[in-house]
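K.L.:
Compact mmCIF, C-alpha atoms and all ligand atoms, saved as input08.txt, coming up:
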# COMPACT_ATOMS: atom_id res chain seq x y z
CA MET Y 7 46.61 -32.70 -5.76
CA ASP Y 8 45.12 -35.47 -3.64
CA ILE Y 9 47.08 -35.15 -0.41
CA THR Y 10 45.93 -38.51 0.96
CA THR Y 11 47.50 -40.46 -1.91
CA GLY Y 12 50.19 -38.06 -3.13
CA GLU Y 13 48.75 -38.30 -6.65
CA LEU Y 14 48.23 -35.37 -8.98
CA THR Y 15 44.61 -34.95 -10.02
CA ALA Y 16 45.55 -33.03 -13.19
CA ASP Y 17 48.54 -33.00 -15.53
CA ARG Y 18 51.38 -30.73 -14.58
CA HIS Y 19 51.41 -27.37 -16.32
CA ARG Y 20 54.83 -25.84 -16.78
CA LEU Y 21 55.72 -22.17 -17.24
CA ARG Y 22 59.22 -20.84 -17.81
CA THR Y 23 60.82 -19.26 -14.76
CA PRO Y 24 60.44 -15.51 -15.34
CA GLN Y 25 63.73 -13.74 -15.98
CA PRO Y 26 64.57 -11.84 -13.92
CA ALA Y 27 62.51 -13.62 -11.24
CA THR Y 28 61.26 -10.49 -9.49
CA PRO Y 29 58.26 -10.49 -7.10
CA LYS Y 30 56.07 -8.87 -9.77
CA ARG Y 31 56.92 -11.39 -12.49
CA ILE Y 32 56.62 -14.33 -10.08
CA GLY Y 33 53.18 -13.01 -9.09
CA LYS Y 34 52.12 -12.86 -12.73
CA ALA Y 35 53.25 -16.45 -13.32
CA VAL Y 36 51.37 -17.70 -10.26
CA GLU Y 37 48.26 -15.85 -11.41
CA LYS Y 38 48.53 -17.51 -14.83
CA LEU Y 39 48.84 -20.97 -13.29
CA VAL Y 40 45.89 -20.45 -10.99
CA SER Y 41 43.67 -19.29 -13.81
CA TYR Y 42 44.90 -22.13 -16.08
CA PHE Y 43 43.56 -24.62 -13.51
CA GLU Y 44 40.45 -22.45 -12.88
CA TRP Y 45 41.26 -22.80 -9.19
CA ASP Y 46 39.83 -20.54 -6.52
CA GLY Y 47 40.87 -22.43 -3.37
CA PRO Y 48 43.96 -22.23 -1.18
CA VAL Y 49 47.34 -22.65 -2.88
CA GLY Y 50 50.59 -24.25 -1.74
CA CYS Y 51 53.76 -22.91 -3.33
CA ALA Y 52 57.28 -24.39 -3.19
CA PHE Y 53 59.87 -21.64 -3.56
CA PRO Y 54 63.68 -21.81 -3.91
CA ALA Y 55 64.58 -19.66 -0.91
CA ARG Y 56 64.45 -19.62 2.88
CA ILE Y 57 60.94 -18.60 3.83
CA LYS Y 58 60.45 -17.27 7.35
CA HIS Y 59 56.91 -16.37 8.38
CA GLY Y 60 55.93 -15.93 4.77
CA VAL Y 61 58.90 -13.69 3.92
CA VAL Y 62 61.73 -14.49 1.46
CA ARG Y 63 65.07 -14.46 3.31
CA THR Y 64 67.61 -15.71 0.74
CA ALA Y 65 67.98 -15.16 -3.00
CA SER Y 66 70.61 -17.40 -4.59
CA ASN Y 67 68.93 -18.33 -7.86
CA ILE Y 68 66.18 -15.70 -7.90
CA ASP Y 69 66.31 -11.94 -8.26
CA LYS Y 70 67.77 -10.12 -5.26
CA SER Y 71 64.70 -7.86 -5.18
CA CYS Y 72 62.87 -10.84 -3.63
CA LEU Y 73 64.84 -10.43 -0.39
CA GLY Y 74 62.49 -9.28 2.36
CA TYR Y 75 59.42 -9.75 0.15
CA ASP Y 76 56.34 -10.95 2.04
CA ILE Y 77 55.56 -13.52 -0.61
CA GLU Y 78 52.61 -15.13 1.18
CA GLN Y 79 50.84 -11.81 1.55
CA GLY Y 80 51.83 -10.62 -1.92
CA LEU Y 81 50.63 -13.75 -3.72
CA SER Y 82 47.49 -14.05 -1.59
CA ASP Y 83 46.57 -10.45 -2.45
CA ARG Y 84 47.29 -11.05 -6.09
CA ILE Y 85 45.07 -14.13 -6.54
CA GLY Y 86 42.50 -13.39 -3.85
CA SER Y 87 42.92 -16.76 -2.05
CA PRO Y 88 45.32 -17.81 0.70
CA VAL Y 89 48.74 -18.85 -0.58
CA PHE Y 90 51.12 -20.79 1.68
CA VAL Y 91 54.79 -20.74 0.70
CA VAL Y 92 57.43 -23.26 1.72
CA ASN Y 93 61.07 -23.76 0.75
CA ASP Y 94 61.20 -26.07 -2.29
CA ALA Y 95 63.51 -28.68 -0.73
CA ASP Y 96 61.44 -28.73 2.46
CA ALA Y 97 58.38 -29.30 0.25
CA ALA Y 98 60.08 -32.15 -1.64
CA GLY Y 99 61.11 -33.64 1.70
CA ILE Y 100 57.57 -33.47 3.08
CA ALA Y 101 56.39 -35.40 0.01
CA GLU Y 102 59.18 -37.99 0.12
CA ILE Y 103 58.74 -38.64 3.82
CA THR Y 104 55.00 -39.14 3.46
CA HIS Y 105 54.61 -40.80 0.08
CA GLY Y 106 58.09 -41.47 -1.36
CA ALA Y 107 61.53 -42.93 -0.71
CA ALA Y 108 61.60 -41.95 3.00
CA ARG Y 109 58.06 -43.12 3.69
CA HIS Y 110 57.53 -43.36 7.47
CA GLN Y 111 61.29 -43.26 8.01
CA LYS Y 112 62.33 -42.48 11.60
CA HIS Y 113 65.56 -40.93 12.93
CA LEU Y 114 67.47 -38.23 11.06
CA VAL Y 115 66.58 -38.01 7.37
CA LEU Y 116 68.21 -35.53 5.00
CA VAL Y 117 66.60 -34.86 1.64
CA LEU Y 118 68.92 -33.13 -0.85
CA THR Y 119 67.46 -31.71 -4.05
CA VAL Y 120 70.17 -31.36 -6.62
CA GLY Y 121 69.42 -29.29 -9.72
CA THR Y 122 70.14 -25.61 -10.42
CA GLY Y 123 71.07 -25.30 -6.74
CA ILE Y 124 71.26 -27.75 -3.88
CA GLY Y 125 68.34 -27.64 -1.48
CA SER Y 126 68.03 -29.46 1.82
CA GLY Y 127 65.15 -30.75 3.91
CA LEU Y 128 66.00 -32.16 7.35
CA PHE Y 129 63.57 -34.38 9.27
CA LEU Y 130 63.80 -35.87 12.74
CA ASP Y 131 61.33 -38.72 13.27
CA GLY Y 132 59.24 -37.34 10.44
CA VAL Y 133 59.17 -33.77 11.76
CA LEU Y 134 60.66 -31.08 9.51
CA ILE Y 135 63.41 -28.81 10.82
CA PRO Y 136 62.76 -26.09 8.23
CA ASN Y 137 64.98 -23.82 6.15
CA THR Y 138 68.33 -25.56 6.60
CA GLU Y 139 70.06 -24.26 3.39
CA PHE Y 140 72.82 -26.89 3.42
CA GLY Y 141 73.42 -26.20 -0.27
CA HIS Y 142 75.57 -23.29 0.82
CA VAL Y 143 78.14 -25.01 3.03
CA ARG Y 144 81.64 -24.38 1.75
CA VAL Y 145 83.36 -27.28 0.05
CA ARG Y 146 86.96 -27.00 -1.10
CA GLY Y 147 86.76 -23.24 -0.67
CA ARG Y 148 83.63 -22.87 -2.76
CA ASN Y 149 79.93 -22.51 -2.18
CA GLY Y 150 78.62 -26.12 -2.15
CA GLU Y 151 75.94 -25.70 -4.80
CA ARG Y 152 78.18 -23.72 -7.16
CA TYR Y 153 80.70 -26.54 -6.87
CA ALA Y 154 78.49 -29.63 -6.91
CA ALA Y 155 74.93 -28.94 -8.11
CA ASP Y 156 73.76 -30.46 -11.38
CA SER Y 157 74.11 -27.00 -12.93
CA ALA Y 158 77.85 -27.14 -12.07
CA ARG Y 159 78.11 -30.44 -13.98
CA LYS Y 160 76.55 -28.78 -17.02
CA ARG Y 161 78.39 -25.48 -16.64
CA ASP Y 162 81.82 -27.13 -16.31
CA LYS Y 163 80.99 -29.86 -18.87
CA LEU Y 164 81.89 -32.63 -16.43
CA THR Y 165 81.42 -36.32 -17.11
CA TRP Y 166 79.05 -37.97 -14.65
CA LYS Y 167 82.06 -39.67 -13.04
CA LYS Y 168 83.89 -36.39 -12.50
CA TRP Y 169 80.77 -34.73 -11.22
CA ALA Y 170 80.19 -37.65 -8.83
CA ARG Y 171 83.68 -37.10 -7.41
CA ARG Y 172 82.78 -33.47 -6.69
CA PHE Y 173 79.43 -34.41 -5.24
CA GLN Y 174 81.19 -36.96 -3.03
CA HIS Y 175 83.30 -34.15 -1.50
CA TYR Y 176 80.09 -32.27 -0.83
CA LEU Y 177 78.42 -35.36 0.68
CA ASP Y 178 81.40 -36.14 2.91
CA HIS Y 179 81.30 -32.64 4.32
CA ILE Y 180 77.55 -32.68 4.90
CA GLU Y 181 77.76 -36.09 6.56
CA PHE Y 182 80.48 -34.82 8.85
CA LEU Y 183 78.39 -31.78 9.84
CA VAL Y 184 74.93 -33.33 10.07
CA GLY Y 185 75.34 -37.11 10.53
CA PRO Y 186 72.06 -38.19 8.93
CA ASP Y 187 70.84 -41.81 9.10
CA VAL Y 188 69.25 -41.63 5.68
CA ILE Y 189 70.01 -39.40 2.68
CA ILE Y 190 67.47 -39.06 -0.12
CA LEU Y 191 68.78 -37.62 -3.39
CA GLY Y 192 66.08 -35.69 -5.24
CA GLY Y 193 65.70 -32.82 -7.72
CA GLY Y 194 66.81 -33.06 -11.36
CA ILE Y 195 69.38 -35.81 -10.67
CA SER Y 196 66.59 -38.13 -9.49
CA ASN Y 197 64.78 -38.04 -12.83
CA PRO Y 198 64.26 -41.43 -14.49
CA GLY Y 199 67.39 -42.82 -16.08
CA LYS Y 200 69.82 -40.37 -14.46
CA ALA Y 201 70.74 -42.20 -11.24
CA SER Y 202 72.44 -45.03 -13.15
CA HIS Y 203 75.03 -42.50 -14.36
CA TYR Y 204 76.37 -41.66 -10.89
CA PHE Y 205 74.79 -43.61 -8.04
CA ASP Y 206 77.39 -46.39 -7.94
CA TYR Y 207 80.22 -43.84 -7.62
CA LEU Y 208 78.81 -42.40 -4.39
CA LYS Y 209 79.51 -43.68 -0.89
CA SER Y 210 77.93 -42.75 2.39
CA ASP Y 211 77.70 -44.03 5.96
CA ALA Y 212 74.03 -43.09 5.77
CA GLU Y 213 71.57 -45.23 3.88
CA MET Y 214 71.35 -43.45 0.52
CA LYS Y 215 68.32 -43.62 -1.76
CA ILE Y 216 67.02 -41.91 -4.86
CA ALA Y 217 63.85 -39.86 -4.38
CA GLU Y 218 60.73 -41.51 -5.76
CA LEU Y 219 58.43 -38.64 -6.58
CA GLY Y 220 60.65 -36.90 -9.13
CA ASN Y 221 59.29 -33.61 -10.38
CA ARG Y 222 56.08 -34.16 -8.47
CA ALA Y 223 57.76 -33.89 -5.08
CA GLY Y 224 57.69 -30.09 -4.77
CA ILE Y 225 54.08 -29.87 -5.91
CA VAL Y 226 52.91 -32.65 -3.61
CA GLY Y 227 54.82 -31.26 -0.63
CA ALA Y 228 53.60 -27.71 -1.19
CA ALA Y 229 49.99 -28.90 -1.25
CA MET Y 230 50.55 -30.89 1.94
CA PHE Y 231 52.15 -27.87 3.57
CA ALA Y 232 49.13 -25.70 2.65
CA ALA Y 233 46.75 -28.34 3.96
CA SER Y 234 48.58 -28.58 7.27
CA ARG Y 235 48.63 -24.80 7.69
CA LEU Y 236 44.89 -24.74 7.01
CA LYS Y 237 44.35 -27.55 9.49
CA ASP Y 238 46.27 -25.55 12.08
CA GLY Y 239 43.59 -22.92 11.66
CA ALA Y 240 45.23 -20.53 9.21
CA GLY Y 241 42.35 -19.15 7.13
CA SER Y 242 44.79 -16.77 5.58
CA PRO Y 243 48.58 -16.65 5.84
CA ARG Y 244 48.34 -13.78 8.31
CA ASP Y 245 46.31 -15.77 10.90
C1 LIG Q 1 68.41 -21.98 -2.27
C2 LIG Q 1 67.53 -22.92 -1.48
C3 LIG Q 1 66.81 -23.88 -2.40
C4 LIG Q 1 67.80 -24.59 -3.30
C5 LIG Q 1 67.13 -25.51 -4.30
C6 LIG Q 1 69.32 -22.78 -3.15
O1 LIG Q 1 70.09 -21.93 -3.94
O2 LIG Q 1 69.18 -21.17 -1.42
O3 LIG Q 1 66.60 -22.19 -0.72
O4 LIG Q 1 66.10 -24.81 -1.63
O5 LIG Q 1 68.57 -23.64 -4.01
O6 LIG Q 1 66.28 -24.82 -5.14
Show this structure as structure tokens.
P.N.:
Amino acid sequence: MDITTGELTADRHRLRTPQPATPKRIGKAVEKLVSYFEWDGPVGCAFPARIKHGVVRTASNIDKSCLGYDIEQGLSDRIGSPVFVVNDADAAGIAEITHGAARHQKHLVLVLTVGTGIGSGLFLDGVLIPNTEFGHVRVRGRNGERYAADSARKRDKLTWKKWARRFQHYLDHIEFLVGPDVIILGGGISNPGKASHYFDYLKSDAEMKIAELGNRAGIVGAAMFAASRLKDGAGSPRD
């Protein structure tokens, strides 16, 4: 990843999410990726959970055995180089605010990644307020992401229009709670060709945009996160 341009310097390499996604299996997958790229430098990793001081604090779509796992230490030990771990939506947000749809955007920006779950990255004047987990606010008596993520559309076999109505309930609630100036929609629903299915059904008082970096966002943001931690003097995650 070239962090100055936001461009990937190699093609993406995709592995299936290990099932169940336990710390051990995740470690193995990371090891495979690192050796595929013959990489021995520092690594940035976007992960679908709240990460506090390198430790996994939520486990909605990963195995519960990840709770309390010191993932930065565990992965660093496993590959023998420093690994810096950031919530996946925070990572996507970092990328979008630097190189994508929210480039240099001031005020309150909310990046929502909508896919298996709903992730959130909140930025005030370009500065990340990490680990917000707005995917889990309750909407119509249900967990927001179970009700309105893209996986809910697939699971409940909804048309795009019906799904958009659900997502609108979610958006209304989030807007009421957070009051963002700009909302960026990312994750699976921002993939090329998808936005035309639902975007015109959605309304918001905030300026709403589709994310620009698509599947790259998490990778780009994770690399930028690692670079900024290194710049802050972290030679290893424990520093
Ligand atoms: C997790 C978040 C994550 C989001 C998107 C949610 O289930 O709790 O941490 O950002 O999914 O992957």
K.L.:
To one decimal place, how far is CA of Glu213 (chain Y) from CA of Phe53 (chain Y) in Å?
P.N.:
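Rounded to one decimal, the two atoms are 27.4 Å apart.
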K.L.:
Counting only C-alpha atoms and all ligand atoms, what residues are within 6 Å of ligand LIG 1 (chain Q), given as a list in words?
P.N.:
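Selection of residues at most 6 Å from ligand LIG 1 (chain Q): Pro54, Ala55, Arg56, Ser66, Asn67, Asn93, Asp94, Ala95, Gly123, Ile124, Gly125 and Glu139 of chain Y.
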K.L.:
Which residue out of Y:Asn221, Y:Gly106, Y:Ile57, Y:Asp206 has the minimum interatomic distance to Arg20 (chain Y) when all atoms listed in the file are used?
P.N.:
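The closest residue to Arg20 (chain Y) is Y:Asn221.
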K.L.:
Calculated over all atoms listed in the file, which of the candidates Y:Leu208, Y:Val226, Y:Ile195, Y:Leu114 has the smallest distance to Ala170 (chain Y)?
P.N.:
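Closest residue, counting all atoms listed in the file: Y:Leu208.
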K.L.:
If we count only C-alpha atoms and set the cut-off at 8 Å, which residues sit around Ala229 (chain Y), ignoring sequence neighbours fewer than 6 positions away in its own chain? Please answer as a list in words.
P.N.:
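Counting only C-alpha atoms, the residues come to Met7, Ile9, Val49, Gly50 and Cys51 of chain Y.
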K.L.:
Report the distance between CA of Val89 (chain Y) and CA of Pro24 (chain Y) in Å, rounded to one decimal place.
P.N.:
19.1 Å
K.L.:
With only C-alpha atoms as the basis for distance, which of Y:Gly86, Y:Leu21, Y:Tyr204, Y:Glu37 is at the shortest distance from Thr165 (chain Y)?
P.N.:
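Distance minimum relative to Thr165 (chain Y) lands on Y:Tyr204.
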K.L.:
Got a sec to check which residues sit within 10 Å of (56.7, -40.4, -0.5), counting all atoms listed in the file, and write them as a ChimeraX atom specification?
P.N.:
/Y:11-12,98-110,217-219,223,226-227
K.L.:
Store the residues picked out above in a file with C-alpha atoms, as a tab-separated table (two decimals), in the coordinates of the input.
P.N.:
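Saved the output as part.tsv:
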chain	number	residue	atom	x	y	z
Y	11	THR	CA	47.50	-40.46	-1.91
Y	12	GLY	CA	50.19	-38.06	-3.13
Y	98	ALA	CA	60.08	-32.15	-1.64
Y	99	GLY	CA	61.11	-33.64	1.70
Y	100	ILE	CA	57.57	-33.47	3.08
Y	101	ALA	CA	56.39	-35.40	0.01
Y	102	GLU	CA	59.18	-37.99	0.12
Y	103	ILE	CA	58.74	-38.64	3.82
Y	104	THR	CA	55.00	-39.14	3.46
Y	105	HIS	CA	54.61	-40.80	0.08
Y	106	GLY	CA	58.09	-41.47	-1.36
Y	107	ALA	CA	61.53	-42.93	-0.71
Y	108	ALA	CA	61.60	-41.95	3.00
Y	109	ARG	CA	58.06	-43.12	3.69
Y	110	HIS	CA	57.53	-43.36	7.47
Y	217	ALA	CA	63.85	-39.86	-4.38
Y	218	GLU	CA	60.73	-41.51	-5.76
Y	219	LEU	CA	58.43	-38.64	-6.58
Y	223	ALA	CA	57.76	-33.89	-5.08
Y	226	VAL	CA	52.91	-32.65	-3.61
Y	227	GLY	CA	54.82	-31.26	-0.63
K.L.:
Do you have the CA of Ala201 (chain Y)-CA of Thr10 (chain Y) distance handy?
P.N.:
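Separation between CA of Ala201 (chain Y) and CA of Thr10 (chain Y): 27.9 Å.
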K.L.:
Return the single residue from Y:Lys215, Y:Arg84, Y:His175, Y:Arg222 that is closest to Gly147 (chain Y), with distances computed using only C-alpha atoms.
P.N.:
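Among the listed residues, Y:His175 lies closest to Gly147 (chain Y).
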K.L.:
At a cut-off of 8 Å from (56.5, -16.9, 5.0) in the coordinates of the file, what residues are picked up using all atoms listed in the file, written as a list in words?
P.N.:
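Residues with an atom at most 8 Å from (56.5, -16.9, 5.0): Ile57, Lys58, His59, Gly60, Val61, Val62, Asp76, Ile77, Glu78, Phe90, Val91, Val92 and Pro243 of chain Y.
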K.L.:
Find the residue from Y:Val145, Y:Ala232, Y:Val36, Y:Ala97 that sits nearest to Leu118 (chain Y); use only C-alpha atoms when measuring.
P.N.:
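Ranking Y:Val145, Y:Ala232, Y:Val36, Y:Ala97 by distance to Leu118 (chain Y), first place goes to Y:Ala97.
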